[in-house]
Amino acid sequence: MGEGGKMKELDLIKAPLIRKMFELYATGTTGLEELALKMHSLGLTNTKGNVIRVSVMHKMLQNPFYKGLIRVKGKTYIGKHIPIVASKTFQKVQDIMKGKIVLKGLKNNFQYRKAIKCGLCHYSLIGERQKGHVYYRCHTKHCIMKTIREDAVSRTLLNAFEYVEFYPQEIKNLSELMLEIREDWASQKADLLKSISLQRNNTQTRLARLTDLLVEDTITKETYNQKKEEILSELLLMKEREDEITAQKETILTRVDNFLELVKRLIETVKKTNTTKMSDLLKIVTSNLAANGKELMISIASPFFEALQMRLLQYSGENRKMARTENRTLVFSLTDTNPIKAPPLTKKELRTYLEYLLSDTQNLTQLDDEEFSL
Ligand SMILES: [Zn+2]
């Protein structure tokens, strides 16, 4: 019974979601953080419509009210309300949370499996589940590295990705610049193709004259064949060049476009999607991830790093709260929740950055076959 002896009624929308939450956790393959995100995507939110905090979810999963019990002043009664969760499921959730049950395959399911290195001895940290939370620990003998909690890692990574993310104004400018570059290349391409076409006409004229010479007996059959082969080879080269101009440059432009698209939605993707996407993103955005005490060292991969570098170079203001950079590595404190971002890059700087991207798209080839359905 609720207040005033009134029976608590089921919230028809939330009840099935809460049941789902218990069932998902009871599979033993979903950590609390992943669960919170997943439930958010299914429609279970806090009162503000945001993702339910891990600590709140932790409490909810322990609340026996959902299996039909009511606690009043420290005493427990069987409630008259309809239970949302089966006792068996509820018990399994408690067992998993306390680490009593380790299901098969669970070991391999940690979000940052093999992704975080120990900052001291450089071996991979190994995930473990304790009281509903996932921790990563260095298993090297005598290493003094302490454990690091998964949700702290995720939060810090989000901070880091915010650094790498472009501002809306920058995206707008980049798109405009790409249009200009596309137009430039289109006119360059037209010029090149025109000159190739002229050369081809020229070659064909030479070929016709060669035939005349043979007919007039001015040259031998042997010379004719030799010259003809030379001219045909030239034609082949021209054809190849033509294909190159049309195909290769298009690939480069598309690659850069895809890259910009990815950067544009980086944070959105991380915030919205599940953990498998997160590790895909990590593979693309970072080259190394290491933990040391209360700090996470995030090495940013090319070409994300170059943008970041430009940003940090032009920003030397009072940035004591800002993450340090060492080589390609951002060092974040796990307790720092609100790092300061540098101001946006100017259009001129963005052009330099785009030119860099276009000059060497080898860095971007990994995006060609990466399955990003952003
Ligand atoms: Zn270690």
# chains A, B, ... in the order shown; residues from 1 in each chain; ligands from 1
$ residues_near_ligand --ligand "ligand 1" --cutoff "9 Å" --atoms "only C-alpha atoms and all ligand atoms" --output "mmCIF file with N, CA and C atoms, in the first residue's frame"
data_model
loop_
_atom_site.group_PDB
_atom_site.id
_atom_site.type_symbol
_atom_site.label_atom_id
_atom_site.label_comp_id
_atom_site.auth_asym_id
_atom_site.auth_seq_id
_atom_site.Cartn_x
_atom_site.Cartn_y
_atom_site.Cartn_z
ATOM 1 N N LYS A 117 45.876 0.433 -21.338
ATOM 2 C CA LYS A 117 47.149 -0.103 -20.869
ATOM 3 C C LYS A 117 47.494 0.488 -19.505
ATOM 4 N N CYS A 118 48.307 -0.227 -18.777
ATOM 5 C CA CYS A 118 48.811 0.295 -17.512
ATOM 6 C C CYS A 118 49.863 1.353 -17.845
ATOM 7 N N GLY A 119 49.716 2.535 -17.259
ATOM 8 C CA GLY A 119 50.644 3.622 -17.543
ATOM 9 C C GLY A 119 52.028 3.360 -16.966
ATOM 10 N N LEU A 120 52.133 2.398 -16.070
ATOM 11 C CA LEU A 120 53.421 2.131 -15.421
ATOM 12 C C LEU A 120 54.185 1.001 -16.108
ATOM 13 N N CYS A 121 53.487 -0.097 -16.375
ATOM 14 C CA CYS A 121 54.207 -1.241 -16.949
ATOM 15 C C CYS A 121 53.769 -1.563 -18.378
ATOM 16 N N HIS A 122 52.786 -0.838 -18.882
ATOM 17 C CA HIS A 122 52.338 -0.919 -20.277
ATOM 18 C C HIS A 122 51.637 -2.217 -20.672
ATOM 19 N N TYR A 123 51.293 -3.044 -19.694
ATOM 20 C CA TYR A 123 50.497 -4.224 -20.028
ATOM 21 C C TYR A 123 49.017 -3.835 -20.007
ATOM 22 N N SER A 124 48.186 -4.606 -20.720
ATOM 23 C CA SER A 124 46.755 -4.301 -20.747
ATOM 24 C C SER A 124 46.127 -4.519 -19.380
ATOM 25 N N LEU A 125 45.232 -3.614 -19.017
ATOM 26 C CA LEU A 125 44.491 -3.789 -17.770
ATOM 27 C C LEU A 125 43.377 -4.817 -17.999
ATOM 28 N N ARG A 137 42.148 -3.575 -13.769
ATOM 29 C CA ARG A 137 43.276 -3.717 -12.862
ATOM 30 C C ARG A 137 44.490 -4.247 -13.607
ATOM 31 N N CYS A 138 45.667 -3.772 -13.191
ATOM 32 C CA CYS A 138 46.907 -4.284 -13.761
ATOM 33 C C CYS A 138 47.265 -5.578 -13.026
ATOM 34 N N HIS A 139 47.545 -6.623 -13.786
ATOM 35 C CA HIS A 139 47.841 -7.909 -13.170
ATOM 36 C C HIS A 139 49.340 -8.208 -13.092
ATOM 37 N N THR A 140 50.149 -7.219 -13.412
ATOM 38 C CA THR A 140 51.593 -7.413 -13.305
ATOM 39 C C THR A 140 51.990 -7.474 -11.828
ATOM 40 N N LYS A 141 52.829 -8.433 -11.505
ATOM 41 C CA LYS A 141 53.285 -8.584 -10.121
ATOM 42 C C LYS A 141 54.005 -7.318 -9.665
ATOM 43 N N HIS A 142 53.709 -6.879 -8.469
ATOM 44 C CA HIS A 142 54.365 -5.738 -7.822
ATOM 45 C C HIS A 142 54.077 -4.393 -8.488
ATOM 46 N N CYS A 143 53.234 -4.368 -9.545
ATOM 47 C CA CYS A 143 52.922 -3.068 -10.160
ATOM 48 C C CYS A 143 52.004 -2.317 -9.197
ATOM 49 N N ILE A 144 52.281 -1.023 -9.003
ATOM 50 C CA ILE A 144 51.517 -0.284 -8.004
ATOM 51 C C ILE A 144 50.292 0.436 -8.582
ATOM 52 N N MET A 145 50.027 0.183 -9.852
ATOM 53 C CA MET A 145 48.845 0.773 -10.494
ATOM 54 C C MET A 145 47.580 0.342 -9.750
ATOM 55 N N LYS A 146 46.730 1.345 -9.410
ATOM 56 C CA LYS A 146 45.481 1.015 -8.740
ATOM 57 C C LYS A 146 44.412 0.726 -9.781
ATOM 58 N N ASN A 292 46.986 5.809 -15.338
ATOM 59 C CA ASN A 292 48.028 5.911 -14.338
ATOM 60 C C ASN A 292 47.458 6.676 -13.149
#
$ closest_atom_pairs --of "region 34-91 of chain A" --to "region 150-163 of chain A" --cutoff "12 Å" --atoms "only C-alpha atoms" --output "Markdown table"
| residue | atom | partner | partner_atom | distance |
| --- | --- | --- | --- | --- |
| A:Glu34 | CA | A:Asp151 | CA | 9.4 |
| A:Leu35 | CA | A:Asp151 | CA | 11.8 |
| A:Ala36 | CA | A:Asp151 | CA | 11.0 |
| A:Leu37 | CA | A:Asp151 | CA | 11.7 |
| A:Arg53 | CA | A:Asp151 | CA | 10.3 |
| A:Val54 | CA | A:Asp151 | CA | 8.2 |
| A:Ser55 | CA | A:Asp151 | CA | 10.4 |
$ write_last_selection --atoms "C-alpha atoms" --output "mmCIF file, in the first residue's frame"
data_model
loop_
_atom_site.group_PDB
_atom_site.id
_atom_site.type_symbol
_atom_site.label_atom_id
_atom_site.label_comp_id
_atom_site.auth_asym_id
_atom_site.auth_seq_id
_atom_site.Cartn_x
_atom_site.Cartn_y
_atom_site.Cartn_z
ATOM 1 C CA GLU A 34 25.847 0.109 -20.880
ATOM 2 C CA LEU A 35 22.525 -0.792 -19.318
ATOM 3 C CA ALA A 36 21.776 2.849 -18.504
ATOM 4 C CA LEU A 37 22.451 3.854 -22.117
ATOM 5 C CA ARG A 53 22.753 7.757 -13.529
ATOM 6 C CA VAL A 54 24.684 4.589 -12.843
ATOM 7 C CA SER A 55 24.415 5.044 -9.077
#
$ residues_around --residues "region 9-19 of chain A" --least-positions-apart "2" --cutoff "6 Å" --atoms "only C-alpha atoms" --output "list in words"
Met21, Phe22, Ile84 and Val85 of chain A
$ select_by_dssp --residues "region 25-151 of chain A" --states "strand (DSSP E or B)" --output "list in words"
Leu69, Ile70, Arg71, Val72, Lys75, Thr76, Tyr77, Ile78, Lys117, Cys118, Ser124, Ile126, Gly127, Glu128, Arg129, Gln130, His133, Val134, Tyr135, Tyr136, Arg137, Ile148 and Arg149 of chain A
$ select_by_dssp --residues "region 91-297 of chain A" --states "helix (DSSP H, G or I)" --output "PyMOL selection string"
chain A and resi 91-97+107-109+150-164+168-215+221-264+266-272+275-285
